[in-house]
Each structure stands twice: as C-alpha cells, then as structure tokens.
file entry01.csv (CSV, C-alpha atoms and all ligand atoms)
chain,number,residue,atom,x,y,z
C,292,MET,CA,138.2,109.8,47.5
C,293,PRO,CA,135.6,112.3,46.3
C,294,ASN,CA,136.7,115.8,45.2
C,295,ASN,CA,134.4,117.4,47.7
C,296,SER,CA,134.8,117.2,51.4
C,297,ILE,CA,131.3,118.4,52.0
C,298,GLN,CA,128.2,118.3,49.9
C,299,VAL,CA,124.9,119.7,51.2
C,300,LYS,CA,121.7,119.6,49.2
C,301,GLY,CA,118.3,121.0,50.2
C,302,LEU,CA,119.0,120.8,53.9
C,303,GLN,CA,116.0,121.7,56.1
C,304,LYS,CA,115.7,121.8,59.9
C,305,SER,CA,113.1,123.1,62.3
C,306,TYR,CA,113.0,123.3,66.0
C,307,LYS,CA,109.3,122.9,66.7
C,308,GLN,CA,107.7,126.0,65.0
C,309,LEU,CA,111.0,127.6,64.2
C,310,HIS,CA,112.1,126.9,60.6
C,311,VAL,CA,115.8,127.5,60.8
C,312,LEU,CA,117.1,125.9,57.7
C,313,LYS,CA,114.9,126.2,54.7
C,314,GLY,CA,116.8,124.5,52.0
C,315,VAL,CA,120.6,124.9,52.3
C,316,ASP,CA,122.9,124.0,49.4
C,317,PHE,CA,126.7,124.2,49.3
C,318,GLU,CA,129.9,122.3,48.6
C,319,VAL,CA,133.3,122.5,50.2
C,320,GLU,CA,136.3,121.5,48.1
C,321,ARG,CA,139.0,119.3,49.6
C,322,GLY,CA,141.9,121.3,51.1
C,323,ASN,CA,139.9,124.6,51.1
C,324,ILE,CA,139.1,126.9,54.0
C,325,PHE,CA,135.3,127.5,53.8
C,326,ALA,CA,133.8,130.2,55.9
C,327,LEU,CA,130.1,130.2,56.8
C,328,LEU,CA,129.0,133.7,57.7
C,329,GLY,CA,125.7,134.6,59.4
C,330,SER,CA,124.3,136.7,62.2
C,331,ASN,CA,123.3,135.4,65.7
C,332,GLY,CA,120.7,132.7,65.3
C,333,ALA,CA,121.1,132.3,61.5
C,334,GLY,CA,121.6,128.6,61.9
C,335,LYS,CA,125.4,128.2,61.6
C,336,THR,CA,125.8,125.9,64.6
C,337,THR,CA,122.7,123.9,63.5
C,338,ILE,CA,124.6,123.2,60.2
C,339,VAL,CA,127.7,122.3,62.0
C,340,LYS,CA,125.8,119.9,64.3
C,341,ILE,CA,124.1,118.2,61.3
C,342,LEU,CA,127.4,117.8,59.5
C,343,THR,CA,129.2,116.4,62.5
C,344,THR,CA,126.3,113.9,63.2
C,345,LEU,CA,125.2,115.5,66.5
C,346,LEU,CA,121.8,116.4,65.1
C,347,LYS,CA,119.6,115.0,62.3
C,348,GLN,CA,118.1,117.1,59.5
C,349,ASP,CA,114.4,117.0,58.7
C,350,SER,CA,115.0,116.7,55.0
C,351,GLY,CA,117.8,117.1,52.4
C,352,THR,CA,121.1,115.3,52.2
C,353,ALA,CA,124.6,115.9,53.4
C,354,THR,CA,127.8,113.9,52.8
C,355,VAL,CA,131.1,114.5,54.6
C,356,ASN,CA,134.3,112.9,53.2
C,357,GLY,CA,131.9,111.0,50.9
C,358,PHE,CA,129.9,109.5,53.7
C,359,ASP,CA,126.2,110.2,54.3
C,360,VAL,CA,125.8,111.9,57.7
C,361,VAL,CA,122.8,109.8,58.6
C,362,SER,CA,123.4,106.4,57.2
C,363,LYS,CA,127.2,106.5,57.5
C,364,SER,CA,127.5,108.6,60.7
C,365,GLU,CA,130.2,106.4,62.2
C,366,ASN,CA,132.5,106.9,59.2
C,367,VAL,CA,131.8,110.6,59.3
C,368,ARG,CA,132.8,110.8,62.9
C,369,GLN,CA,136.1,108.9,62.3
C,370,SER,CA,137.1,111.3,59.5
C,371,ILE,CA,136.5,114.7,61.2
C,372,SER,CA,137.1,116.7,64.3
C,373,LEU,CA,135.0,119.4,65.8
C,374,THR,CA,135.9,122.4,67.9
C,375,GLY,CA,132.6,123.6,69.2
C,376,GLN,CA,131.4,127.1,69.9
C,377,PHE,CA,132.1,126.6,73.6
C,378,ALA,CA,135.4,125.1,74.7
C,379,ALA,CA,135.3,121.4,75.5
C,380,VAL,CA,138.4,121.2,77.7
C,381,ASP,CA,138.4,119.4,81.0
C,382,GLU,CA,139.0,122.0,83.8
C,383,ILE,CA,140.4,119.6,86.4
C,384,LEU,CA,143.0,118.1,84.1
C,385,THR,CA,146.1,119.9,83.0
C,386,GLY,CA,146.6,121.0,79.4
C,387,ARG,CA,149.0,118.1,78.8
C,388,GLU,CA,146.6,115.6,80.4
C,389,ASN,CA,143.7,116.8,78.2
C,390,LEU,CA,145.8,116.2,75.1
C,391,ILE,CA,147.1,112.8,76.2
C,392,MET,CA,143.5,111.7,77.0
C,393,ILE,CA,142.4,112.6,73.5
C,394,ALA,CA,145.4,110.9,71.9
C,395,LYS,CA,144.6,107.7,73.8
C,396,LEU,CA,140.9,107.9,72.9
C,397,ARG,CA,142.1,108.1,69.2
C,398,HIS,CA,144.3,105.1,69.8
C,399,LEU,CA,147.5,106.9,68.8
C,400,LYS,CA,150.8,105.1,69.4
C,401,ASN,CA,152.7,107.8,71.3
C,402,PRO,CA,150.2,110.0,73.2
C,403,ARG,CA,152.9,111.8,75.2
C,404,GLN,CA,154.9,112.8,72.1
C,405,VAL,CA,151.7,113.9,70.3
C,406,ALA,CA,150.8,116.1,73.3
C,407,ASP,CA,154.3,117.6,73.6
C,408,ASP,CA,154.3,118.5,69.9
C,409,LEU,CA,150.9,120.2,70.1
C,410,LEU,CA,151.7,122.0,73.3
C,411,LYS,CA,154.8,123.5,71.7
C,412,ARG,CA,153.0,124.4,68.5
C,413,PHE,CA,150.3,126.2,70.4
C,414,GLY,CA,152.6,128.0,72.8
C,415,LEU,CA,151.3,126.1,75.8
C,416,THR,CA,154.5,124.3,76.9
C,417,ASP,CA,155.0,126.6,80.0
C,418,ALA,CA,151.4,126.1,81.1
C,419,ALA,CA,151.3,122.4,80.2
C,420,ASP,CA,151.3,121.1,83.7
C,421,ARG,CA,148.8,123.6,85.2
C,422,ARG,CA,145.1,122.8,85.6
C,423,VAL,CA,143.0,124.2,82.8
C,424,SER,CA,140.9,126.0,85.4
C,425,THR,CA,143.8,128.4,85.8
C,426,TYR,CA,144.0,129.2,82.0
C,427,SER,CA,142.9,132.4,80.4
C,428,GLY,CA,140.1,132.3,77.7
C,429,GLY,CA,142.7,132.5,74.9
C,430,MET,CA,144.7,129.7,76.4
C,431,ARG,CA,141.6,127.5,76.6
C,432,ARG,CA,140.7,128.2,73.0
C,433,ARG,CA,144.3,127.3,71.9
C,434,LEU,CA,144.1,124.1,73.9
C,435,ASP,CA,140.7,123.3,72.4
C,436,LEU,CA,142.1,123.8,68.9
C,437,ALA,CA,145.1,121.7,69.7
C,438,MET,CA,142.8,118.9,70.9
C,439,SER,CA,140.9,119.0,67.7
C,440,LEU,CA,144.2,118.4,65.8
C,441,VAL,CA,145.2,115.2,67.6
C,442,GLY,CA,145.4,112.4,65.1
C,443,LYS,CA,145.6,114.8,62.1
C,444,PRO,CA,141.9,114.7,60.9
C,445,GLN,CA,141.4,115.4,57.2
C,446,LEU,CA,138.5,117.8,57.9
C,447,ILE,CA,138.0,120.0,60.9
C,448,PHE,CA,135.0,122.0,61.9
C,449,LEU,CA,135.6,125.2,63.8
C,450,ASP,CA,132.5,126.8,65.2
C,451,GLU,CA,133.3,130.5,65.9
C,452,PRO,CA,137.0,129.7,66.7
C,453,THR,CA,137.9,133.2,67.7
C,454,THR,CA,134.8,134.5,69.5
C,455,GLY,CA,135.9,136.0,72.8
C,456,LEU,CA,139.6,136.1,72.0
C,457,ASP,CA,141.7,139.3,72.2
C,458,PRO,CA,143.2,140.5,68.8
C,459,GLU,CA,146.5,138.9,69.5
C,460,ALA,CA,145.1,135.5,70.2
C,461,ARG,CA,142.8,135.8,67.2
C,462,ILE,CA,145.7,136.4,64.9
C,463,GLU,CA,147.4,133.4,66.4
C,464,VAL,CA,144.4,131.2,65.6
C,465,TRP,CA,144.3,132.6,62.1
C,466,LYS,CA,147.9,131.6,61.6
C,467,ILE,CA,147.2,128.1,62.8
C,468,VAL,CA,144.2,127.7,60.6
C,469,LYS,CA,146.2,128.9,57.5
C,470,GLU,CA,148.9,126.4,58.4
C,471,LEU,CA,146.4,123.6,58.6
C,472,ALA,CA,145.1,124.4,55.1
C,473,VAL,CA,148.7,124.5,53.7
C,474,GLY,CA,149.1,121.0,55.2
C,475,GLY,CA,146.1,119.8,53.2
C,476,THR,CA,143.5,119.8,55.9
C,477,THR,CA,140.0,121.0,54.9
C,478,VAL,CA,138.6,123.6,57.3
C,479,PHE,CA,135.0,124.5,57.7
C,480,LEU,CA,134.6,127.5,60.0
C,481,THR,CA,131.7,129.6,61.1
C,482,THR,CA,132.2,133.2,62.1
C,483,GLN,CA,130.4,136.5,62.7
C,484,TYR,CA,133.5,138.4,61.8
C,485,LEU,CA,133.7,139.6,58.2
C,486,GLU,CA,137.4,140.2,58.6
C,487,GLU,CA,138.0,136.7,59.7
C,488,ALA,CA,136.4,135.3,56.6
C,489,GLU,CA,138.3,137.8,54.5
C,490,GLN,CA,141.6,136.8,56.1
C,491,LEU,CA,141.2,133.1,55.9
C,492,ALA,CA,138.7,131.7,53.5
C,493,ASP,CA,139.1,130.4,50.0
C,494,ARG,CA,135.3,130.6,49.8
C,495,ILE,CA,132.7,132.4,51.8
C,496,ALA,CA,129.0,131.6,52.1
C,497,ILE,CA,126.4,133.8,53.7
C,498,LEU,CA,123.5,132.1,55.6
C,499,HIS,CA,120.5,134.4,55.9
C,500,GLU,CA,116.9,133.6,56.7
C,501,GLY,CA,117.4,129.9,56.2
C,502,ARG,CA,119.2,129.9,52.9
C,503,ILE,CA,122.7,130.5,51.5
C,504,ILE,CA,122.2,133.9,49.8
C,505,ALA,CA,125.7,134.3,48.5
C,506,ASN,CA,128.6,131.9,47.9
C,507,GLY,CA,131.9,132.6,46.3
C,508,THR,CA,135.5,133.8,46.7
C,509,LEU,CA,136.1,137.1,48.4
C,510,ALA,CA,136.7,138.7,45.0
C,511,GLU,CA,133.4,137.3,43.7
C,512,LEU,CA,131.5,138.5,46.7
C,513,LYS,CA,133.0,142.0,46.4
C,514,LYS,CA,131.7,142.2,42.9
C,515,LEU,CA,128.2,142.0,44.4
C,516,LEU,CA,128.7,145.3,46.1
C,517,PRO,CA,127.7,148.5,44.3
C,518,PRO,CA,130.8,150.3,42.8
C,519,ALA,CA,132.6,152.3,45.4
C,520,LYS,CA,132.1,156.0,45.5
C,521,VAL,CA,135.4,157.8,45.5
C,522,GLU,CA,135.9,160.1,48.4
C,523,TYR,CA,139.0,161.8,49.7
C,524,VAL,CA,139.4,161.0,53.4
C,525,GLU,CA,142.5,160.4,55.4
C,526,LYS,CA,142.9,156.7,56.2
C,527,GLN,CA,142.7,156.2,59.9
C,528,PRO,CA,144.4,153.1,61.3
C,529,THR,CA,141.8,150.5,62.4
C,530,LEU,CA,141.4,150.0,66.1
C,531,GLU,CA,143.0,146.6,65.8
C,532,GLU,CA,146.1,148.1,64.1
C,533,THR,CA,146.3,150.6,66.9
C,534,PHE,CA,145.9,148.1,69.6
C,535,LEU,CA,148.6,145.9,68.1
C,536,ALA,CA,150.9,148.9,67.6
C,537,ILE,CA,150.5,149.9,71.3
C,538,ILE,CA,151.2,146.5,72.7
C,539,GLY,CA,154.1,146.2,70.3
C,540,LYS,CA,153.1,143.4,68.0
C,541,LYS,CA,152.9,143.4,64.3
C,542,GLU,CA,150.0,141.7,62.5
C,543,LYS,CA,151.3,138.6,60.8
C,544,LYS,CA,149.6,138.1,57.5
C,601,LIG,N1,117.9,122.9,70.6
C,601,LIG,C1,117.2,123.9,70.2
C,601,LIG,N2,115.9,124.1,70.4
C,601,LIG,C2,115.1,125.1,70.0
C,601,LIG,N3,115.7,126.1,69.3
C,601,LIG,C3,117.0,126.1,69.0
C,601,LIG,C4,117.8,125.0,69.4
C,601,LIG,N4,119.0,125.2,68.9
C,601,LIG,C5,119.0,126.3,68.2
C,601,LIG,N5,117.8,126.9,68.3
C,601,LIG,C6,117.4,128.1,67.6
C,601,LIG,O1,117.6,128.0,66.2
C,601,LIG,C7,118.2,129.2,65.7
C,601,LIG,C8,119.5,128.9,65.1
C,601,LIG,O2,120.4,128.6,66.1
C,601,LIG,P1,122.0,128.3,65.8
C,601,LIG,O3,122.6,128.0,67.1
C,601,LIG,O4,122.1,127.3,64.7
C,601,LIG,O5,122.5,129.8,65.3
C,601,LIG,P2,123.9,130.3,65.0
C,601,LIG,O6,124.0,130.9,63.7
C,601,LIG,O7,124.9,129.3,65.4
C,601,LIG,O8,124.0,131.6,66.1
C,601,LIG,P3,125.2,132.2,66.9
C,601,LIG,O9,125.9,133.1,66.0
C,601,LIG,O10,124.6,132.9,68.0
C,601,LIG,O11,126.0,131.0,67.4
C,601,LIG,C9,118.2,130.2,66.8
C,601,LIG,O12,117.0,131.0,66.7
C,601,LIG,C10,118.2,129.3,68.0
C,601,LIG,O13,117.5,130.0,69.1
C,602,MG,MG,126.5,129.2,66.8
call {"tool": "encode", "arguments": {"input": "entry01.csv", "output": "structure tokens"}}
result
Amino acid sequence: MPNNSIQVKGLQKSYKQLHVLKGVDFEVERGNIFALLGSNGAGKTTIVKILTTLLKQDSGTATVNGFDVVSKSENVRQSISLTGQFAAVDEILTGRENLIMIAKLRHLKNPRQVADDLLKRFGLTDAADRRVSTYSGGMRRRLDLAMSLVGKPQLIFLDEPTTGLDPEARIEVWKIVKELAVGGTTVFLTTQYLEEAEQLADRIAILHEGRIIANGTLAELKKLLPPAKVEYVEKQPTLEETFLAIIGKKEKK
C-alpha cells in the first residue's frame, strides 16, 4: 500500500473554452482529513469527479489508493466512496431500504445488520421506516453520509458535506467525519466554509484560478497572514454560538 491515498500531478481540465484546472498538484496522506477550499466555480467538484473516475482530465495524472484514475478506474471505484454535492438518496424508498440496497450492491453478508448499525449511528432509527421524501434536508444529508459508509471504504470523498445544513446538523456531520478519521479512513472534503476546514482538516489546500495557491496545516496557513494588529475590543459571541446557546445545545469539539 502506498503512503499516499491521493497523488495529483499537473492536472488540467477545460470545459470547451473554460480552462478550469490549469495544473493542479497535491497529495493526501493516508488516514488524514484533507480539505479543498475554493469559492463557487473554482473547480472543486471537477477535481472530485476526476478523482472518482466520473470525468477524465485533459492532461496530468492522478492516482487514488495507488491506482491510476484512468487506466485503473475499476480498482479506484472499488476502493472509494463518494457523497456528492447533491444528495443521492432514493426518495421513494425508506431510509432503511436505501441502506439495505447499497449493502446488497456492495455484496455485504448481512445488509440488514449493516443498515441497523448505520441508522443508529446517524440518529435515524426513529425515521428508518419512513420514505425519504418525508425527511428534512439534514436527515437526507445524514442518510447520504451513512450510505457512503456502507462497506467501510478506506477513502471517502465528501463534496460540500454540510452545505444547506443548520448549525446543529453541521456539527453532527463534523463529529462523524472526525470519528471516521480516528478509525483510519482517509477523508477528502471540499468546502466553502473556512470554519469547517479549520475544525476538521489535518491539511488544507486552497484552489484559486485553476491552481493550488496554498497547501498546509492550519498553523502553516495562518503564518501566511500578516501579523495581527492588537486591538482592544470586547469579544462578541459568534452567531453560531448564540444560536446554539438559545436552542440549548453545546458545541461538541
Ligand atoms: N459539465 C460542464 N460543462 C461546462 N462547464 C462546466 C461543467 N461543469 C462545471 N463547469 C464549470 O466549471 C467551473 C468549475 O465548476 P465546479 O463545479 O468544479 O466548481 P466548484 O468549485 O465545485 O463550485 P461550487 O462551490 O459552486 O460547487 C464553473 O465555472 C462551472 O460553471
Ligand atoms: Mg462543487
């Protein structure tokens, strides 16, 4: 097994005239949480699609779990899971049925048990037998994440896993992602939320105008900022802290 889960070199991709990736390089170490930051349209989803074999690059190379994404795409697909930017749950099925279906597709021995365990872990036991069409956005996201964990993949891709979630559900997802990494899973996530990267990531890369313009630990990235000017201002609680205090939940760090 190689040390790196992901290795990307000189990746380029255009959509017709639009040159989105202009030579992207980065590596993700096994067992790490890696966050790719970038604004709308920076090319985050394009990178995720190339790494998960849904889209072919124009030039450059990418290996995932040691397999080339173009010549060994089948091996890549078998060693990863993807939670896309938009939830991929089946509306007509119940939460339990969705999970059982994936477990069967992945040829697991006891699909029912796998589903039960994940429903419990994601706080969906009570809603398990309701159709997904009746779920809230946060419940769908949680189910979507649960589905990506069926079969314990060694590397998971999460494309904006908390977009559209309320602060409580977001913190819940953060907790799950942290647990995954503790369990040895490598996590590649994209986000537009700086705080999300700050909370979760071992390494953070910033994609801007087609290239990775910064890549490092949070501490390393902070060193790139000009030294802070000391000012005496009263610290106001953040809106998130206030929201959580009012609804009576403490942020779990
Ligand atoms: N299939 C496509 N055909 C043409 N242009 C595309 C296609 N897919 C993406 N693009 C364009 O490529 C650029 C990068 O898109 P991408 O979805 O990778 O960005 P992103 O960083 O994921 O953005 P967001 O934060 O909004 O999800 C955007 O300008 C987008 O409009
Ligand atoms: Mg995207």
call {"tool": "atom_distance", "arguments": {"input": "entry01.csv", "atom1": "CA of Leu312 in chain C", "atom2": "CA of Asn356 in chain C"}}
result
22.0 Å
call {"tool": "closest_residue", "arguments": {"input": "entry01.csv", "among": "C:Ala510, C:Leu399, C:Ile503, C:Leu410", "to": "Arg431 in chain C", "atoms": "all atoms listed in the file"}}
result
C:Leu410
call {"tool": "residues_near_ligand", "arguments": {"input": "entry01.csv", "ligand": "ligand MG 602 (chain C)", "cutoff": "9 Å", "atoms": "all atoms listed in the file", "output": "JSON, numbers by chain"}}
result
{"C": [331, 332, 333, 334, 335, 336, 337, 339, 375, 376, 450, 451, 481, 482]}
call {"tool": "write_last_selection", "arguments": {"input": "entry01.csv", "atoms": "C-alpha atoms", "output": "mmCIF file, in the frame of the given file"}}
result
data_model
loop_
_atom_site.group_PDB
_atom_site.id
_atom_site.type_symbol
_atom_site.label_atom_id
_atom_site.label_comp_id
_atom_site.auth_asym_id
_atom_site.auth_seq_id
_atom_site.Cartn_x
_atom_site.Cartn_y
_atom_site.Cartn_z
ATOM 1 C CA ASN C 331 123.300 135.400 65.700
ATOM 2 C CA GLY C 332 120.700 132.700 65.300
ATOM 3 C CA ALA C 333 121.100 132.300 61.500
ATOM 4 C CA GLY C 334 121.600 128.600 61.900
ATOM 5 C CA LYS C 335 125.400 128.200 61.600
ATOM 6 C CA THR C 336 125.800 125.900 64.600
ATOM 7 C CA THR C 337 122.700 123.900 63.500
ATOM 8 C CA VAL C 339 127.700 122.300 62.000
ATOM 9 C CA GLY C 375 132.600 123.600 69.200
ATOM 10 C CA GLN C 376 131.400 127.100 69.900
ATOM 11 C CA ASP C 450 132.500 126.800 65.200
ATOM 12 C CA GLU C 451 133.300 130.500 65.900
ATOM 13 C CA THR C 481 131.700 129.600 61.100
ATOM 14 C CA THR C 482 132.200 133.200 62.100
#
call {"tool": "atom_distance", "arguments": {"input": "entry01.csv", "atom1": "CA of Val423 in chain C", "atom2": "atom P2 of ligand LIG 601 (chain C)"}}
result
26.8 Å
call {"tool": "residues_around", "arguments": {"input": "entry01.csv", "residues": "range 379-392 of chain C", "least_positions_apart": "3", "cutoff": "12 Å", "atoms": "all atoms listed in the file", "output": "ChimeraX atom specification"}}
result
/C:373-376,395-411,413-428,430-442,450
call {"tool": "atom_distance", "arguments": {"input": "entry01.csv", "atom1": "CA of Gln303 in chain C", "atom2": "CA of Leu328 in chain C"}}
result
17.8 Å
call {"tool": "residues_near_point", "arguments": {"input": "entry01.csv", "point": "(146.9, 126.7, 59.7)", "cutoff": "12 Å", "atoms": "all atoms listed in the file", "output": "PyMOL selection string"}}
result
chain C and resi 322-324+412-413+436-437+440+447+462-478+490-492+544
call {"tool": "closest_residue", "arguments": {"input": "entry01.csv", "among": "C:Ser364, C:Asn506, C:Thr343, C:Gln483", "to": "ligand LIG 601 (chain C)", "atoms": "all atoms listed in the file"}}
result
C:Gln483
call {"tool": "closest_residue", "arguments": {"input": "entry01.csv", "among": "C:Gln527, C:Thr454, C:Thr354, C:Gln298", "to": "ligand LIG 601 (chain C)", "atoms": "only C-alpha atoms and all ligand atoms"}}
result
C:Thr454
call {"tool": "residues_around", "arguments": {"input": "entry01.csv", "residues": "Glu318 in chain C", "least_positions_apart": "5", "cutoff": "8 Å", "atoms": "all atoms listed in the file", "output": "ChimeraX atom specification"}}
result
/C:295-299
call {"tool": "closest_residue", "arguments": {"input": "entry01.csv", "among": "C:Asp316, C:Arg461, C:Glu487, C:Pro444", "to": "Val367 in chain C", "atoms": "only C-alpha atoms"}}
result
C:Pro444
call {"tool": "closest_residue", "arguments": {"input": "entry01.csv", "among": "C:Ala536, C:Leu456, C:Leu309, C:Ala326", "to": "Leu498 in chain C", "atoms": "all atoms listed in the file"}}
result
C:Ala326
